[in-house]
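What follows is input.cif (mmCIF, C-alpha atoms).
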data_model
#
loop_
_atom_site.label_atom_id
_atom_site.label_comp_id
_atom_site.auth_asym_id
_atom_site.auth_seq_id
_atom_site.Cartn_x
_atom_site.Cartn_y
_atom_site.Cartn_z
CA MET A 1 0.00 0.00 0.00
CA SER A 2 2.82 2.42 0.74
CA LEU A 3 4.28 1.86 -2.73
CA LEU A 4 0.89 2.67 -4.20
CA TRP A 5 0.78 5.96 -2.26
CA LEU A 6 4.35 6.73 -3.27
CA SER A 7 3.62 6.21 -6.96
CA TYR A 8 0.41 8.23 -6.64
CA GLY A 9 2.32 11.05 -4.96
CA PHE A 10 4.97 11.09 -7.68
CA LEU A 11 2.42 11.05 -10.50
CA SER A 12 0.34 13.76 -8.86
CA LEU A 13 3.44 15.97 -8.58
CA VAL A 14 4.04 15.44 -12.29
CA VAL A 15 0.41 16.40 -13.01
CA VAL A 16 0.59 19.53 -10.86
CA LEU A 17 3.92 20.65 -12.32
CA THR A 18 2.88 20.11 -15.93
CA GLY A 19 -0.45 21.80 -15.19
CA TYR A 20 1.35 24.84 -13.79
CA LEU A 21 3.65 24.99 -16.80
CA GLY A 22 0.73 24.43 -19.17
CA LEU A 23 -1.05 27.44 -17.70
CA GLY A 24 1.92 29.67 -18.48
CA PHE A 25 -0.17 31.88 -20.74
CA LEU A 26 -2.23 33.05 -17.73
CA PRO A 27 -1.13 35.76 -15.31
CA ARG A 28 0.48 34.59 -12.08
CA LEU A 29 -2.59 34.87 -9.79
CA PRO A 30 -5.00 32.61 -11.73
CA ARG A 31 -2.18 30.21 -12.60
CA LEU A 32 -1.25 29.73 -8.93
CA VAL A 33 -4.84 29.53 -7.75
CA ILE A 34 -5.91 26.98 -10.37
CA THR A 35 -2.82 24.85 -9.80
CA TRP A 36 -3.21 24.79 -6.03
CA VAL A 37 -6.96 24.13 -6.16
CA VAL A 38 -6.25 21.08 -8.30
CA ALA A 39 -3.39 20.05 -6.02
CA GLY A 40 -5.60 20.36 -2.95
CA MET A 41 -8.26 18.21 -4.55
CA ILE A 42 -5.74 15.60 -5.69
CA TRP A 43 -3.90 15.27 -2.38
CA VAL A 44 -6.73 15.14 0.17
CA PRO A 45 -7.24 11.59 1.50
CA ALA A 46 -10.57 9.97 2.33
CA ARG A 47 -11.56 6.82 4.21
CA PHE A 48 -13.26 4.10 2.21
CA ARG A 49 -14.96 0.81 3.04
CA LEU A 50 -15.30 -2.15 0.70
CA PRO A 51 -17.33 -5.31 1.34
CA LEU A 52 -15.40 -8.60 1.27
CA LEU A 53 -16.61 -11.97 0.05
CA GLU A 54 -17.53 -13.15 3.54
CA GLU A 55 -20.82 -11.82 4.80
CA GLY A 56 -20.52 -8.85 7.15
CA GLU A 57 -16.77 -8.26 6.67
CA PHE A 58 -15.34 -5.09 5.22
CA TYR A 59 -11.98 -3.72 4.17
CA THR A 60 -11.36 -0.13 5.26
CA GLY A 61 -8.50 2.14 4.32
CA PHE A 62 -7.44 5.52 2.97
CA ALA A 63 -7.38 6.57 -0.67
CA PRO A 64 -7.36 9.90 -2.51
CA ALA A 65 -10.76 11.53 -2.18
CA VAL A 66 -10.93 11.92 -5.96
CA MET A 67 -10.75 8.15 -6.37
CA VAL A 68 -13.21 7.47 -3.55
CA ALA A 69 -15.67 9.95 -5.05
CA ALA A 70 -15.25 8.50 -8.55
CA VAL A 71 -15.84 4.92 -7.39
CA ALA A 72 -18.77 5.98 -5.21
CA PHE A 73 -20.28 7.87 -8.16
CA LEU A 74 -19.92 4.87 -10.46
CA GLU A 75 -21.46 2.59 -7.84
CA ARG A 76 -24.16 5.18 -7.09
CA ASN A 77 -23.20 5.00 -3.41
CA THR A 78 -24.31 8.31 -1.91
CA ALA A 79 -23.21 7.25 1.59
CA ALA A 80 -19.59 7.26 0.39
CA LEU A 81 -19.96 10.02 -2.21
CA ILE A 82 -21.08 12.84 0.08
CA PRO A 83 -18.14 12.69 2.56
CA ALA A 84 -15.67 12.34 -0.32
CA LEU A 85 -17.15 15.37 -2.09
CA LEU A 86 -17.02 17.40 1.12
CA LEU A 87 -13.35 16.50 1.49
CA LEU A 88 -12.77 17.49 -2.14
CA VAL A 89 -14.37 20.88 -1.50
CA ALA A 90 -12.27 21.33 1.65
CA GLY A 91 -9.11 20.40 -0.25
CA GLY A 92 -9.99 22.79 -3.06
CA LEU A 93 -10.59 25.63 -0.61
CA ALA A 94 -7.30 24.91 1.15
CA GLY A 95 -5.54 24.90 -2.23
CA PHE A 96 -7.22 28.18 -3.12
CA ALA A 97 -5.92 29.70 0.12
CA VAL A 98 -2.38 28.40 -0.53
CA GLY A 99 -2.46 29.77 -4.09
CA LEU A 100 -3.54 33.21 -2.86
CA LEU A 101 -0.90 33.15 -0.13
CA LEU A 102 1.85 32.28 -2.61
CA TRP A 103 0.70 35.02 -4.96
CA TRP A 104 0.53 37.56 -2.13
CA ARG A 105 4.01 36.68 -0.86
CA GLY A 106 5.54 36.80 -4.34
CA ARG A 107 3.86 39.88 -5.74
CA HIS A 108 6.69 42.20 -4.66
CA GLY A 109 9.39 40.27 -6.48
CA ASP A 110 10.03 43.07 -8.96
CA ASP A 111 10.59 45.68 -6.23
CA TYR A 112 14.23 44.67 -5.85
CA VAL A 113 16.50 47.51 -4.79
CA ASP A 114 20.21 47.11 -5.36
CA MET A 115 21.85 48.48 -2.23
CA ASP A 116 25.29 48.44 -3.86
CA GLU A 117 24.25 50.75 -6.67
CA ASP A 118 25.85 54.18 -6.57
CA ASP A 119 23.24 56.86 -5.98
CA ALA A 120 25.36 59.64 -7.47
CA PRO A 121 24.13 60.68 -10.92
CA ALA A 122 26.45 60.35 -13.87
CA PRO A 123 28.41 63.54 -14.70
CA ARG A 124 26.80 65.75 -17.34
CA GLY A 125 28.19 65.54 -20.80
CA SER A 126 29.85 62.24 -20.05
CA SER A 127 28.57 59.76 -22.56
CA GLU A 128 31.32 57.27 -22.01
CA ARG A 129 30.64 54.08 -20.18
CA ARG A 130 31.60 53.80 -16.52
CA GLU A 131 33.55 50.68 -15.73
CA PRO A 132 33.08 48.96 -12.41
CA MET A 133 35.83 49.52 -9.88
CA ILE A 134 36.97 47.18 -7.15
CA GLY A 135 37.89 48.74 -3.84
#

Output the file's structure in the form of structure tokens.
Amino acid sequence: MSLLWLSYGFLSLVVVLTGYLGLGFLPRLPRLVITWVVAGMIWVPARFRLPLLEEGEFYTGFAPAVMVAAVAFLERNTAALIPALLLLVAGGLAGFAVGLLLWWRGRHGDDYVDMDEDDAPAPRGSSERREPMIG
């Protein structure tokens, strides 16, 4: 089971990264928000319960809520679908919040001030290039 989660985690990282790069035509805010909403929905786990062959015995475990919701939808099992959908909504909202937080923290990236830059203006009439000096 741990190998299954590991492979799912790796593949979901590939999906999120390629999705982010694929949305490169969008501005940074919607690109981050969409990517993190999808990531939140992909990575939220949900508990599931499957009946076994013996009467009255069940197998319970954790799986991605997307998978639990998809299987519950195909089986028309509303008892399993509703909690999985609520977890998907919660994961999407958490991803939305992370996307907004990342955008908010990175929006001042172009306000870089070089503290080593000389504040003195260039002499008038001097069109020649100033070479950097050490010391």

When you draw a straight line from atom CA of A:Val38 to atom CA of A:Phe25, how long is it in Å? 17.6 Å

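In this structure, atom CA of A:Phe10 sits 16.0 Å away from atom CA of A:Trp36.
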
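Of the residues listed (A:Ala69, A:Pro45, A:Arg130, A:Gly9), A:Pro45 shows the shortest atom-to-atom separation from A:Gly91; distances use all atoms listed in the file.
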
I'd like to know which of A:Leu4, A:Met41, A:Ala90, A:Leu32 is closest to A:Arg107, using all atoms listed in the file. A:Leu32

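For the structure in this document, the set picked by the PyMOL selection byres ((chain A and resi 12) around 12) is A:Trp5, A:Leu6, A:Ser7, A:Tyr8, A:Gly9, A:Phe10, A:Leu11, A:Leu13, A:Val14, A:Val15, A:Val16, A:Leu17, A:Thr18, A:Gly19, A:Thr35, A:Trp36, A:Val38, A:Ala39, A:Gly40, A:Met41, A:Ile42, A:Trp43, A:Val44, A:Pro64, A:Val66.
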
Atoms kept (C-alpha atoms) for selection, written as a PDB file, in the frame of the given file:
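The resulting again.pdb:
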ATOM      1  CA  TRP A   5       0.780   5.960  -2.260  1.00  0.00           C
ATOM      2  CA  LEU A   6       4.350   6.730  -3.270  1.00  0.00           C
ATOM      3  CA  SER A   7       3.620   6.210  -6.960  1.00  0.00           C
ATOM      4  CA  TYR A   8       0.410   8.230  -6.640  1.00  0.00           C
ATOM      5  CA  GLY A   9       2.320  11.050  -4.960  1.00  0.00           C
ATOM      6  CA  PHE A  10       4.970  11.090  -7.680  1.00  0.00           C
ATOM      7  CA  LEU A  11       2.420  11.050 -10.500  1.00  0.00           C
ATOM      8  CA  LEU A  13       3.440  15.970  -8.580  1.00  0.00           C
ATOM      9  CA  VAL A  14       4.040  15.440 -12.290  1.00  0.00           C
ATOM     10  CA  VAL A  15       0.410  16.400 -13.010  1.00  0.00           C
ATOM     11  CA  VAL A  16       0.590  19.530 -10.860  1.00  0.00           C
ATOM     12  CA  LEU A  17       3.920  20.650 -12.320  1.00  0.00           C
ATOM     13  CA  THR A  18       2.880  20.110 -15.930  1.00  0.00           C
ATOM     14  CA  GLY A  19      -0.450  21.800 -15.190  1.00  0.00           C
ATOM     15  CA  THR A  35      -2.820  24.850  -9.800  1.00  0.00           C
ATOM     16  CA  TRP A  36      -3.210  24.790  -6.030  1.00  0.00           C
ATOM     17  CA  VAL A  38      -6.250  21.080  -8.300  1.00  0.00           C
ATOM     18  CA  ALA A  39      -3.390  20.050  -6.020  1.00  0.00           C
ATOM     19  CA  GLY A  40      -5.600  20.360  -2.950  1.00  0.00           C
ATOM     20  CA  MET A  41      -8.260  18.210  -4.550  1.00  0.00           C
ATOM     21  CA  ILE A  42      -5.740  15.600  -5.690  1.00  0.00           C
ATOM     22  CA  TRP A  43      -3.900  15.270  -2.380  1.00  0.00           C
ATOM     23  CA  VAL A  44      -6.730  15.140   0.170  1.00  0.00           C
ATOM     24  CA  PRO A  64      -7.360   9.900  -2.510  1.00  0.00           C
ATOM     25  CA  VAL A  66     -10.930  11.920  -5.960  1.00  0.00           C
TER      26      VAL A  66
END

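Reported to one decimal place, the separation of atom CA of A:Pro51 from atom CA of A:Asn77 is 12.8 Å.
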
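Proximity ranking of A:Trp103, A:Glu128, A:Leu3, A:Ile82 relative to A:Pro27 places A:Trp103 first, based on all atoms listed in the file.
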